[in-house]
file input.cif (mmCIF, C-alpha atoms)
data_work
loop_
_atom_site.label_atom_id
_atom_site.label_comp_id
_atom_site.auth_asym_id
_atom_site.auth_seq_id
_atom_site.Cartn_x
_atom_site.Cartn_y
_atom_site.Cartn_z
CA MET S 1 56.48 -129.69 -101.27
CA LEU S 2 58.29 -129.40 -97.96
CA HIS S 3 59.21 -125.95 -96.72
CA LYS S 4 62.47 -125.82 -94.80
CA LYS S 5 62.97 -123.46 -91.94
CA SER S 6 63.91 -120.02 -93.20
CA THR S 7 67.46 -118.82 -92.61
CA ASN S 8 66.72 -115.22 -93.52
CA LYS S 9 67.43 -113.17 -90.40
CA ASN S 10 66.20 -109.94 -91.90
CA LEU S 11 62.52 -110.86 -92.11
CA MET S 12 61.38 -107.45 -91.03
CA PHE S 13 62.20 -105.43 -94.13
CA LYS S 14 61.88 -101.71 -93.62
CA ALA S 15 58.35 -100.59 -94.49
CA LEU S 16 58.34 -99.19 -97.98
CA ALA S 17 56.22 -96.15 -97.40
CA THR S 18 57.41 -94.19 -94.37
CA SER S 19 57.57 -90.56 -95.40
CA VAL S 20 55.31 -87.73 -96.41
CA MET S 21 55.87 -86.30 -99.87
CA THR S 22 57.93 -83.11 -99.84
CA ALA S 23 56.59 -81.95 -103.18
CA ALA S 24 53.71 -82.71 -105.51
CA VAL S 25 54.11 -86.05 -107.27
CA PHE S 26 52.63 -86.45 -110.70
CA ILE S 27 51.33 -89.55 -112.47
CA PRO S 28 53.10 -90.00 -115.83
CA VAL S 29 51.14 -90.02 -119.07
CA ALA S 30 53.44 -92.20 -121.13
CA THR S 31 57.03 -92.21 -119.90
CA GLU S 32 58.86 -91.05 -116.83
CA ASN S 33 59.81 -87.84 -118.68
CA VAL S 34 56.25 -86.89 -119.62
CA GLN S 35 54.09 -85.84 -116.70
CA ALA S 36 50.42 -85.03 -116.33
CA ALA S 37 49.29 -81.98 -114.46
CA SER S 38 48.18 -82.53 -110.88
CA VAL S 39 44.49 -83.43 -111.01
CA THR S 40 42.12 -83.10 -108.06
CA LYS S 41 39.01 -84.49 -109.75
CA THR S 42 37.26 -87.30 -107.90
CA THR S 43 35.24 -88.64 -110.82
CA PHE S 44 36.56 -89.61 -114.23
CA LYS S 45 35.09 -89.92 -117.69
CA ASP S 46 36.37 -93.48 -118.13
CA VAL S 47 34.93 -94.65 -114.77
CA PRO S 48 31.12 -94.58 -114.97
CA LYS S 49 28.97 -95.21 -111.89
CA SER S 50 28.33 -98.69 -113.24
CA HIS S 51 32.04 -99.58 -112.98
CA TRP S 52 32.66 -102.22 -110.31
CA ALA S 53 35.34 -100.07 -108.62
CA TYR S 54 33.58 -96.69 -108.97
CA GLU S 55 33.18 -96.04 -105.23
CA SER S 56 36.74 -97.10 -104.38
CA ILE S 57 38.22 -95.00 -107.18
CA LYS S 58 36.17 -92.02 -106.04
CA GLN S 59 37.37 -92.49 -102.45
CA VAL S 60 41.09 -92.77 -103.26
CA ALA S 61 40.79 -89.69 -105.44
CA GLU S 62 39.03 -87.77 -102.64
CA LYS S 63 41.78 -88.79 -100.22
CA GLY S 64 44.47 -87.76 -102.71
CA LEU S 65 45.99 -91.25 -102.78
CA VAL S 66 45.56 -91.90 -106.50
CA THR S 67 45.04 -89.00 -108.88
CA GLY S 68 43.83 -88.96 -112.45
CA TYR S 69 45.28 -87.68 -115.69
CA GLU S 70 44.95 -84.20 -117.15
CA ASP S 71 42.66 -85.51 -119.89
CA GLY S 72 40.06 -86.40 -117.25
CA THR S 73 40.71 -90.13 -117.24
CA TYR S 74 41.71 -92.56 -114.50
CA LYS S 75 42.76 -95.46 -116.73
CA PRO S 76 41.25 -98.15 -114.45
CA SER S 77 42.57 -101.05 -116.56
CA ALA S 78 46.17 -99.78 -116.70
CA GLN S 79 48.76 -101.78 -114.79
CA VAL S 80 50.26 -100.21 -111.68
CA THR S 81 54.02 -99.67 -111.80
CA ARG S 82 56.45 -99.87 -108.91
CA ALA S 83 56.92 -96.11 -108.90
CA GLU S 84 53.17 -95.52 -108.80
CA PHE S 85 52.55 -98.01 -106.02
CA ALA S 86 55.43 -96.60 -103.98
CA THR S 87 53.81 -93.19 -104.33
CA PHE S 88 50.35 -94.44 -103.35
CA LEU S 89 51.69 -96.03 -100.17
CA SER S 90 53.85 -93.04 -99.28
CA ARG S 91 50.73 -90.88 -99.28
CA ILE S 92 49.18 -93.12 -96.62
CA PHE S 93 52.04 -93.01 -94.12
CA ASP S 94 53.12 -90.13 -91.92
CA GLY S 95 56.73 -90.83 -92.70
CA GLU S 96 59.06 -89.56 -90.02
CA ASP S 97 62.09 -91.70 -90.85
CA ARG S 98 62.99 -91.30 -94.51
CA ALA S 99 65.39 -93.82 -96.02
CA ASN S 100 67.60 -92.19 -98.64
CA ALA S 101 68.00 -95.20 -100.90
CA LYS S 102 69.90 -94.65 -104.15
CA PHE S 103 69.11 -96.48 -107.38
CA ALA S 104 71.18 -96.50 -110.55
CA ASP S 105 68.07 -96.39 -112.75
CA VAL S 106 66.30 -93.55 -110.90
CA GLY S 107 67.60 -90.03 -111.38
CA SER S 108 67.08 -87.17 -108.93
CA SER S 109 64.57 -85.61 -111.33
CA HIS S 110 62.36 -88.71 -111.56
CA TRP S 111 58.71 -87.87 -110.96
CA ALA S 112 58.46 -90.35 -108.05
CA ILE S 113 61.95 -89.94 -106.55
CA ASP S 114 60.64 -89.10 -103.06
CA ALA S 115 58.53 -92.23 -102.84
CA ILE S 116 61.12 -94.48 -104.48
CA GLN S 117 63.75 -93.40 -101.96
CA GLU S 118 61.67 -95.13 -99.32
CA SER S 119 62.07 -98.52 -100.98
CA ASP S 120 63.47 -101.65 -99.36
CA PHE S 121 65.27 -102.71 -102.55
CA THR S 122 69.00 -103.20 -101.98
CA ASN S 123 70.36 -104.19 -105.40
CA ASN S 124 70.84 -100.59 -106.53
CA LYS S 125 68.07 -101.03 -109.08
CA PHE S 126 64.41 -100.19 -108.65
CA GLU S 127 62.96 -100.54 -112.17
CA PRO S 128 60.31 -97.85 -111.53
CA ASN S 129 58.34 -98.43 -114.73
CA LYS S 130 58.07 -102.19 -114.22
CA PRO S 131 54.52 -103.37 -113.44
CA MET S 132 54.07 -104.27 -109.80
CA THR S 133 53.57 -108.01 -109.23
CA ARG S 134 51.06 -109.36 -106.72
CA GLY S 135 53.89 -111.06 -104.83
CA GLU S 136 55.76 -107.76 -104.50
CA MET S 137 52.57 -105.95 -103.58
CA SER S 138 51.92 -108.48 -100.80
CA ARG S 139 55.40 -107.85 -99.42
CA TRP S 140 55.08 -104.07 -99.49
CA LEU S 141 51.60 -104.13 -97.94
CA ALA S 142 52.61 -106.59 -95.21
CA ASN S 143 55.75 -104.61 -94.36
CA GLY S 144 53.65 -101.46 -94.19
CA LEU S 145 51.35 -103.15 -91.67
CA ALA S 146 54.40 -104.27 -89.68
CA HIS S 147 55.61 -100.68 -89.63
CA ALA S 148 52.25 -99.59 -88.20
CA ASN S 149 51.88 -102.52 -85.79
CA ALA S 150 54.79 -104.72 -84.68
CA ASP S 151 52.43 -107.69 -84.24
CA TYR S 152 52.20 -107.97 -88.01
CA GLY S 153 55.97 -108.22 -88.10
CA LYS S 154 55.77 -111.08 -85.61
CA ALA S 155 53.17 -112.78 -87.80
CA ILE S 156 55.48 -112.52 -90.81
CA GLU S 157 58.36 -113.99 -88.80
CA GLU S 158 56.28 -116.85 -87.42
CA MET S 159 55.14 -117.96 -90.87
CA ALA S 160 58.58 -117.45 -92.41
CA ASN S 161 60.42 -119.42 -89.72
CA SER S 162 58.06 -122.40 -89.52
CA SER S 163 58.23 -125.63 -91.51
CA LEU S 164 54.52 -126.10 -90.75
CA THR S 165 53.34 -123.00 -92.59
CA ILE S 166 50.85 -123.67 -95.36
CA ILE S 167 49.30 -120.95 -97.52
CA PRO S 168 46.01 -121.94 -99.22
CA ILE S 169 46.94 -121.16 -102.81
CA PRO S 170 47.58 -123.67 -105.65
CA GLU S 171 51.09 -122.30 -106.07
CA PHE S 172 52.08 -123.47 -102.57
CA TYR S 173 52.43 -127.09 -103.72
CA GLY S 174 52.37 -126.46 -107.47
CA GLY S 175 55.21 -123.96 -107.71
CA GLY S 176 55.23 -120.53 -109.29
CA VAL S 177 55.79 -118.64 -106.06
CA ASN S 178 58.96 -117.54 -104.31
CA ASN S 179 59.06 -119.20 -100.89
CA LYS S 180 60.28 -115.92 -99.36
CA ASP S 181 57.01 -114.29 -100.44
CA LEU S 182 54.78 -116.87 -98.73
CA PRO S 183 54.50 -115.18 -95.30
CA TYR S 184 53.67 -111.86 -96.95
CA ILE S 185 51.06 -113.51 -99.16
CA GLY S 186 49.74 -115.14 -95.99
CA VAL S 187 49.26 -111.73 -94.36
CA ALA S 188 47.62 -110.36 -97.51
CA LEU S 189 45.22 -113.32 -97.72
CA GLY S 190 44.65 -113.57 -93.98
CA THR S 191 43.60 -109.92 -93.72
CA GLY S 192 41.65 -109.98 -96.97
CA LEU S 193 43.84 -107.34 -98.63
CA LEU S 194 44.31 -109.63 -101.62
CA SER S 195 42.37 -112.70 -102.66
CA GLY S 196 42.61 -115.50 -105.18
CA TYR S 197 41.04 -115.66 -108.61
CA GLU S 198 38.08 -117.77 -109.71
CA ASP S 199 40.37 -120.77 -110.17
CA PHE S 200 41.72 -120.09 -106.63
CA SER S 201 45.19 -119.24 -107.97
CA PHE S 202 46.97 -116.25 -106.45
CA LYS S 203 49.18 -115.45 -109.46
CA PRO S 204 52.15 -114.05 -107.50
CA ASN S 205 53.79 -112.92 -110.74
CA GLY S 206 50.59 -111.37 -112.09
CA ASN S 207 49.98 -107.63 -112.14
CA THR S 208 47.35 -105.33 -110.65
CA THR S 209 45.25 -102.66 -112.33
CA ARG S 210 44.61 -99.12 -111.12
CA ALA S 211 41.00 -100.09 -110.43
CA GLU S 212 42.05 -103.05 -108.31
CA VAL S 213 44.61 -101.02 -106.39
CA ALA S 214 41.94 -98.47 -105.47
CA THR S 215 39.95 -101.14 -103.61
CA ILE S 216 43.15 -102.49 -102.04
CA LEU S 217 44.19 -99.08 -100.70
CA ILE S 218 40.77 -98.40 -99.16
CA HIS S 219 40.84 -101.78 -97.43
CA TYR S 220 44.47 -101.23 -96.46
CA MET S 221 43.74 -98.04 -94.52
CA ASP S 222 41.03 -99.87 -92.60
CA THR S 223 43.32 -102.85 -91.95
CA MET S 224 46.03 -100.59 -90.53
CA LYS S 225 43.63 -99.68 -87.71
CA LYS S 226 43.26 -103.32 -86.70
CA ALA S 227 45.47 -105.95 -85.08
CA PRO S 228 46.32 -109.39 -86.51
CA SER S 229 44.00 -110.88 -83.88
CA ASP S 230 41.06 -109.15 -85.56
CA PHE S 231 41.39 -111.39 -88.62
CA LYS S 232 40.30 -114.99 -88.12
CA GLY S 233 41.89 -116.16 -91.37
CA LEU S 234 45.27 -114.81 -90.33
CA GLN S 235 44.91 -116.41 -86.91
CA GLU S 236 44.27 -119.77 -88.60
CA LEU S 237 47.46 -119.42 -90.64
CA LEU S 238 49.44 -118.51 -87.53
CA GLU S 239 48.02 -121.39 -85.48
CA VAL S 240 49.00 -123.81 -88.23
CA ALA S 241 52.49 -122.30 -88.45
CA ASN S 242 52.94 -122.75 -84.70
CA THR S 243 51.14 -126.04 -84.02
CA GLY S 244 50.32 -127.72 -87.34
CA THR S 245 46.56 -127.25 -86.91
CA ASN S 246 43.88 -124.55 -86.92
CA ILE S 247 41.52 -126.43 -84.56
CA LEU S 248 41.43 -123.81 -81.78
CA THR S 249 40.72 -120.94 -84.15
CA ILE S 250 38.05 -122.59 -86.29
CA SER S 251 36.24 -124.97 -83.90
CA ASN S 252 34.75 -125.14 -80.40
CA TYR S 253 37.31 -127.73 -79.32
CA LYS S 254 39.72 -126.62 -76.60
CA LYS S 255 43.03 -128.00 -75.40
CA THR S 256 42.98 -129.78 -72.05
CA LYS S 257 45.84 -130.30 -69.60
CA TYR S 258 47.41 -132.56 -72.23
CA THR S 259 49.22 -131.55 -75.40
CA GLY S 260 47.57 -130.77 -78.72
CA TYR S 261 48.55 -131.92 -82.19
CA GLU S 262 51.96 -130.33 -81.71
CA GLY S 263 52.67 -133.17 -79.28
CA VAL S 264 52.49 -135.87 -81.96
CA LEU S 265 53.50 -134.16 -85.21
CA GLY S 266 56.18 -136.13 -87.02
CA LYS S 267 56.13 -138.94 -84.44
CA PRO S 268 55.55 -142.53 -85.61
CA HIS S 269 52.33 -144.42 -84.98
CA THR S 270 52.42 -148.13 -85.87
CA TYR S 271 49.13 -149.39 -87.26
CA LEU S 272 47.45 -152.12 -85.26
CA ASN S 273 46.87 -154.18 -88.40
CA LYS S 274 50.62 -154.11 -89.15
CA THR S 275 50.19 -152.35 -92.48
CA GLY S 276 52.82 -149.73 -91.73
CA VAL S 277 53.90 -146.69 -89.75
CA ALA S 278 52.38 -143.23 -90.14
CA THR S 279 52.94 -139.75 -88.78
CA ILE S 280 50.60 -136.76 -88.78
CA GLU S 281 52.24 -133.72 -90.33
CA ARG S 282 49.31 -131.27 -90.31
CA ALA S 283 45.64 -131.33 -89.28
CA ILE S 284 43.42 -128.79 -91.03
CA PHE S 285 39.85 -128.26 -89.79
CA ILE S 286 36.95 -126.87 -91.82
CA ASP S 287 33.84 -125.68 -89.98
CA THR S 288 31.10 -127.57 -91.81
CA THR S 289 28.68 -127.47 -88.89
CA GLY S 290 26.42 -124.92 -90.60
CA PRO S 291 25.02 -124.32 -94.10
CA LYS S 292 28.30 -122.84 -95.39
CA PRO S 293 31.89 -124.03 -94.88
CA LYS S 294 34.07 -121.68 -92.86
CA SER S 295 37.86 -121.47 -92.82
CA ILE S 296 40.57 -119.73 -94.80
CA PHE S 297 41.39 -123.28 -95.99
CA LYS S 298 37.87 -124.14 -97.15
CA ASP S 299 38.55 -123.57 -100.86
CA MET S 300 41.68 -125.69 -100.63
CA PHE S 301 39.96 -128.83 -99.35
CA PHE S 302 36.16 -128.59 -99.37
CA ASN S 303 34.14 -128.75 -102.60
CA GLU S 304 30.97 -126.96 -101.56
CA LYS S 305 29.01 -128.09 -104.61
CA ALA S 306 29.98 -131.76 -104.52
CA GLU S 307 30.09 -132.12 -100.74
CA ALA S 308 26.97 -130.14 -99.82
CA PRO S 309 25.40 -133.17 -98.02
CA LEU S 310 28.19 -132.95 -95.43
CA LEU S 311 27.11 -129.46 -94.40
CA ASN S 312 24.75 -128.48 -91.61
CA LYS S 313 25.24 -131.74 -89.70
CA GLY S 314 27.05 -130.30 -86.71
CA VAL S 315 30.34 -131.88 -87.75
CA TYR S 316 33.81 -130.44 -88.40
CA GLY S 317 35.70 -131.79 -91.38
CA ILE S 318 39.34 -132.79 -90.83
CA TYR S 319 42.03 -133.01 -93.49
CA TYR S 320 45.24 -134.71 -92.46
CA GLU S 321 48.62 -134.58 -94.14
CA TYR S 322 50.43 -137.84 -93.45
CA THR S 323 53.81 -139.43 -93.93
CA PHE S 324 53.36 -143.18 -94.36
CA LYS S 325 55.77 -146.09 -94.79
CA PRO S 326 53.87 -149.35 -95.55
CA SER S 327 55.02 -152.76 -94.33
CA ARG S 328 53.37 -154.37 -97.36
CA ASP S 329 51.56 -153.26 -100.49
CA VAL S 330 48.30 -151.71 -99.27
CA SER S 331 45.44 -149.46 -100.31
CA LEU S 332 44.06 -146.41 -98.56
CA HIS S 333 41.10 -148.51 -97.43
CA SER S 334 43.33 -151.32 -96.11
CA ILE S 335 45.36 -149.14 -93.79
CA ARG S 336 42.17 -147.82 -92.20
CA ASN S 337 40.94 -151.22 -91.08
CA GLY S 338 42.06 -151.81 -87.52
CA SER S 339 44.05 -148.56 -87.29
CA ASP S 340 43.59 -145.41 -85.27
CA MET S 341 41.10 -143.18 -87.10
CA HIS S 342 43.23 -140.04 -86.81
CA PHE S 343 46.41 -141.67 -88.07
CA ALA S 344 44.67 -143.44 -90.96
CA SER S 345 41.95 -141.49 -92.74
CA SER S 346 40.10 -143.66 -95.23
CA PHE S 347 38.59 -140.97 -97.47
CA MET S 348 40.28 -139.18 -100.33
CA VAL S 349 40.27 -135.40 -100.60
CA ASN S 350 37.84 -134.28 -103.31
CA LYS S 351 39.51 -134.93 -106.68
CA ASN S 352 38.81 -131.44 -107.98
CA LYS S 353 40.58 -129.96 -104.98
CA VAL S 354 43.51 -132.32 -105.43
CA GLU S 355 43.90 -131.08 -109.01
CA GLN S 356 43.25 -127.41 -108.28
CA PHE S 357 45.68 -127.18 -105.37
CA ASN S 358 48.26 -129.73 -106.55
CA LEU S 359 47.76 -131.89 -103.46
CA SER S 360 49.49 -135.22 -103.11
CA SER S 361 46.77 -137.84 -102.74
CA PRO S 362 46.01 -141.51 -103.61
CA LYS S 363 44.01 -141.88 -106.82
CA THR S 364 41.71 -144.56 -105.41
CA THR S 365 40.76 -146.07 -102.06
CA THR S 366 40.96 -149.72 -103.16
CA ASN S 367 44.11 -150.09 -105.30
CA ASN S 368 47.38 -150.94 -103.58
CA GLU S 369 49.04 -147.61 -104.31
CA PHE S 370 51.22 -147.72 -101.19
CA LEU S 371 54.15 -150.04 -101.93
CA LYS S 372 56.25 -151.79 -99.30
CA GLY S 373 59.45 -149.97 -98.40
CA GLU S 374 58.51 -146.64 -99.98
CA THR S 375 57.71 -143.47 -98.01
CA TYR S 376 54.68 -141.38 -98.97
CA ARG S 377 53.54 -137.87 -98.10
CA TYR S 378 49.85 -137.33 -98.85
CA TRP S 379 46.54 -135.72 -97.83
CA ALA S 380 43.40 -137.61 -96.81
CA GLN S 381 40.01 -136.65 -95.43
CA ASN S 382 38.77 -137.79 -92.03
CA SER S 383 35.15 -138.57 -91.26
CA GLY S 384 35.08 -135.52 -88.99
CA VAL S 385 34.25 -134.82 -85.36
CA VAL S 386 30.96 -133.77 -83.78
CA ASN S 387 30.49 -130.33 -82.28
CA LYS S 388 28.76 -131.21 -79.03
CA PRO S 389 29.60 -130.35 -75.41
CA GLY S 390 31.66 -133.07 -73.80
CA ARG S 391 32.93 -134.57 -77.07
CA GLU S 392 36.61 -135.52 -77.07
CA LEU S 393 39.23 -135.73 -79.80
CA SER S 394 42.43 -137.62 -79.05
CA SER S 395 45.08 -140.09 -80.18
CA HIS S 396 48.70 -140.96 -79.49
CA ALA S 397 52.03 -141.79 -81.08
CA ASP S 398 54.10 -144.90 -80.35
CA ASP S 399 56.11 -143.14 -77.63
CA GLY S 400 52.97 -142.25 -75.70
CA SER S 401 52.82 -138.64 -76.86
CA LEU S 402 49.23 -137.61 -77.39
CA PHE S 403 46.88 -134.87 -78.50
CA TYR S 404 43.69 -134.33 -76.56
CA TYR S 405 40.92 -131.78 -77.11
CA GLU S 406 37.34 -131.52 -75.93
CA VAL S 407 34.28 -129.32 -76.42
CA PRO S 408 33.60 -127.73 -73.00
CA LYS S 409 30.39 -128.83 -71.30
#
call {"tool": "encode", "arguments": {"input": "input.cif", "output": "structure tokens"}}
result
Amino acid sequence: MLHKKSTNKNLMFKALATSVMTAAVFIPVATENVQAASVTKTTFKDVPKSHWAYESIKQVAEKGLVTGYEDGTYKPSAQVTRAEFATFLSRIFDGEDRANAKFADVGSSHWAIDAIQESDFTNNKFEPNKPMTRGEMSRWLANGLAHANADYGKAIEEMANSSLTIIPIPEFYGGGVNNKDLPYIGVALGTGLLSGYEDFSFKPNGNTTRAEVATILIHYMDTMKKAPSDFKGLQELLEVANTGTNILTISNYKKTKYTGYEGVLGKPHTYLNKTGVATIERAIFIDTTGPKPKSIFKDMFFNEKAEAPLLNKGVYGIYYEYTFKPSRDVSLHSIRNGSDMHFASSFMVNKNKVEQFNLSSPKTTTNNEFLKGETYRYWAQNSGVVNKPGRELSSHADDGSLFYYEVPK
């Protein structure tokens, strides 16, 4: 899946929640016309201390961000609607510049009219009772951060405007996500506001429960006090968006007076054994030098269970995305013989990761899967580079362009 450069000039949507409530807002019991009384309780009969989100639910209730129902319940498993989430966010922000948005499906008497009027929707329809999707939630949260700190807005723009951006979720290559949501999902993942499920999927069209949103809001208020530079995962995503690699963020390698990977991306390198011409499109590094892999991309490429022997050896793993046009029918192993190691990785990405994240990859190392005259885009694993002072990492394209890094002595 190739991601073309975004043409959307209005990447900085107005932050959803930018005003303080002018009157008490009530959580509906069943429909928008039936309201519960304002409840100030901080513990609820359907949220025992053993509940996984007990502390977060107690905190949001104490802060007045999410209130309960008049029957003493919180309904932790209930889905959060757009109107509810708009209200929760509006209670966080000071809100000095109200946006008086008008929606055909939201009357002036709606229980959440004040919060809804702050929305960035422009199609004259808000659908207040519709469950909030994780993709929409990512966008609202990221725009809220951008409202609090312009550097988050720059991060959104950088990921949105780059063809090198890659978000480590299965939906990135497998589909099921709106490309316009990717930079917002990147901010949500990079700051830890939202995370993937056990199968690593993000489920952009999935919904969020009131228990989950309690933990998100607590984390959100803490995140608002920090800058994008405080989150290593987000810095990795931004480095990749700008240079095609995360090497400087995740490893001890530093750029020298020469160019980095950005100097060779997309440029042809003819193999010495005349098997074809390749280009490096991205270079993703995983810190496998210690007992645990480190990187926001680790779950996308590294199978900790199957590849445990590679850990704790003082070596960084490298995963290259290549474009390759063979001069004859060749295998992954064949193109490695006699070719530059960084332009011709000879190892396949773990098969489970290929399947989980929908990666394009050869099925074997020995079969001639690359056919003469065809052009292939695929991922392969490099043998890695050692983390030792004085070690160098370099290669070059046919036109002499090169990348060159070293671990300082």
call {"tool": "atom_distance", "arguments": {"input": "input.cif", "atom1": "atom CA of S:Ser77", "atom2": "atom CA of S:Asn205"}}
result
17.3 Å
call {"tool": "atom_distance", "arguments": {"input": "input.cif", "atom1": "atom CA of S:Ser251", "atom2": "atom CA of S:Asn387"}}
result
8.0 Å
call {"tool": "closest_residue", "arguments": {"input": "input.cif", "among": "S:Arg210, S:Pro131, S:Glu239, S:Ser201", "to": "S:Tyr54", "atoms": "all atoms listed in the file"}}
result
S:Arg210
call {"tool": "closest_residue", "arguments": {"input": "input.cif", "among": "S:Ala78, S:Ala155, S:Ala86, S:Met224", "to": "S:Asp46", "atoms": "only C-alpha atoms"}}
result
S:Ala78
call {"tool": "atom_distance", "arguments": {"input": "input.cif", "atom1": "atom CA of S:Asn246", "atom2": "atom CA of S:Trp379"}}
result
15.8 Å
call {"tool": "resolve_selection", "arguments": {"input": "input.cif", "expression": "the PyMOL selection byres ((chain S and resi 303) around 10)", "output": "compact mmCIF listing (two decimals) with C-alpha atoms, keeping the file's coordinate frame"}}
result
# COMPACT_ATOMS: atom_id res chain seq x y z
CA PRO S 293 31.89 -124.03 -94.88
CA LYS S 298 37.87 -124.14 -97.15
CA ASP S 299 38.55 -123.57 -100.86
CA MET S 300 41.68 -125.69 -100.63
CA PHE S 301 39.96 -128.83 -99.35
CA PHE S 302 36.16 -128.59 -99.37
CA GLU S 304 30.97 -126.96 -101.56
CA LYS S 305 29.01 -128.09 -104.61
CA ALA S 306 29.98 -131.76 -104.52
CA GLU S 307 30.09 -132.12 -100.74
CA ALA S 308 26.97 -130.14 -99.82
CA VAL S 349 40.27 -135.40 -100.60
CA ASN S 350 37.84 -134.28 -103.31
CA LYS S 351 39.51 -134.93 -106.68
CA ASN S 352 38.81 -131.44 -107.98
CA LYS S 353 40.58 -129.96 -104.98
call {"tool": "closest_residue", "arguments": {"input": "input.cif", "among": "S:Phe200, S:Pro228, S:Ile169, S:Met132", "to": "S:Gly153", "atoms": "all atoms listed in the file"}}
result
S:Pro228
call {"tool": "residues_around", "arguments": {"input": "input.cif", "residues": "S:Lys154", "least_positions_apart": "5", "cutoff": "12 Å", "atoms": "only C-alpha atoms", "output": "PyMOL selection string"}}
result
chain S and resi 11-12+142-143+145-147+149+159-161+183-184+187+227-229+238
call {"tool": "write_last_selection", "arguments": {"input": "input.cif", "atoms": "C-alpha atoms", "output": "compact mmCIF listing (two decimals), in the frame of the given file"}}
result
# COMPACT_ATOMS: atom_id res chain seq x y z
CA LEU S 11 62.52 -110.86 -92.11
CA MET S 12 61.38 -107.45 -91.03
CA ALA S 142 52.61 -106.59 -95.21
CA ASN S 143 55.75 -104.61 -94.36
CA LEU S 145 51.35 -103.15 -91.67
CA ALA S 146 54.40 -104.27 -89.68
CA HIS S 147 55.61 -100.68 -89.63
CA ASN S 149 51.88 -102.52 -85.79
CA MET S 159 55.14 -117.96 -90.87
CA ALA S 160 58.58 -117.45 -92.41
CA ASN S 161 60.42 -119.42 -89.72
CA PRO S 183 54.50 -115.18 -95.30
CA TYR S 184 53.67 -111.86 -96.95
CA VAL S 187 49.26 -111.73 -94.36
CA ALA S 227 45.47 -105.95 -85.08
CA PRO S 228 46.32 -109.39 -86.51
CA SER S 229 44.00 -110.88 -83.88
CA LEU S 238 49.44 -118.51 -87.53
call {"tool": "closest_residue", "arguments": {"input": "input.cif", "among": "S:Thr209, S:Gly176, S:Phe202, S:Gly190", "to": "S:Thr81", "atoms": "all atoms listed in the file"}}
result
S:Thr209
call {"tool": "closest_residue", "arguments": {"input": "input.cif", "among": "S:Asn129, S:Ser394, S:Thr270, S:Asn242", "to": "S:Glu157", "atoms": "all atoms listed in the file"}}
result
S:Asn242
call {"tool": "closest_atom_pairs", "arguments": {"input": "input.cif", "of": "stretch 242-289 of chain S", "to": "stretch 320-343 of chain S", "cutoff": "9 Å", "atoms": "all atoms listed in the file", "output": "Markdown table"}}
result
| residue | atom | partner | partner_atom | distance |
| --- | --- | --- | --- | --- |
| S:Gly266 | CA | S:Thr323 | CA | 8.0 |
| S:His269 | CA | S:Phe343 | CA | 7.2 |
| S:Thr270 | CA | S:Ser339 | CA | 8.5 |
| S:Tyr271 | CA | S:Ser339 | CA | 5.1 |
| S:Leu272 | CA | S:Ser339 | CA | 5.3 |
| S:Asn273 | CA | S:Gly338 | CA | 5.4 |
| S:Lys274 | CA | S:Ser327 | CA | 6.9 |
| S:Thr275 | CA | S:Ser327 | CA | 5.2 |
| S:Gly276 | CA | S:Pro326 | CA | 4.0 |
| S:Val277 | CA | S:Lys325 | CA | 5.4 |
| S:Ala278 | CA | S:Phe324 | CA | 4.3 |
| S:Thr279 | CA | S:Thr323 | CA | 5.2 |
| S:Ile280 | CA | S:Tyr322 | CA | 4.8 |
| S:Glu281 | CA | S:Glu321 | CA | 5.3 |
| S:Arg282 | CA | S:Glu321 | CA | 5.1 |
| S:Ala283 | CA | S:Tyr320 | CA | 4.7 |
| S:Ile284 | CA | S:Tyr320 | CA | 6.4 |
| S:Phe285 | CA | S:Tyr320 | CA | 8.8 |
call {"tool": "closest_residue", "arguments": {"input": "input.cif", "among": "S:Glu127, S:Leu141, S:Leu217, S:Ala241", "to": "S:Ser163", "atoms": "all atoms listed in the file"}}
result
S:Ala241
call {"tool": "axis_aligned_box", "arguments": {"input": "input.cif", "around": "stretch 186-192 of chain S", "padding_each_side": "8 Å", "output": "AutoDock Vina command-line options"}}
result
--center_x 45.7 --center_y -112.5 --center_z -95.7 --size_x 24.1 --size_y 21.2 --size_z 20.0
call {"tool": "residues_around", "arguments": {"input": "input.cif", "residues": "S:Gly390", "least_positions_apart": "5", "cutoff": "10 Å", "atoms": "only C-alpha atoms", "output": "JSON, numbers by chain"}}
result
{"S": [253, 405, 406, 407, 408, 409]}
call {"tool": "residues_around", "arguments": {"input": "input.cif", "residues": "S:Leu310", "least_positions_apart": "4", "cutoff": "10 Å", "atoms": "only C-alpha atoms", "output": "number ranges by chain"}}
result
S: 288-291, 293, 302, 304, 306, 314-317, 383-384
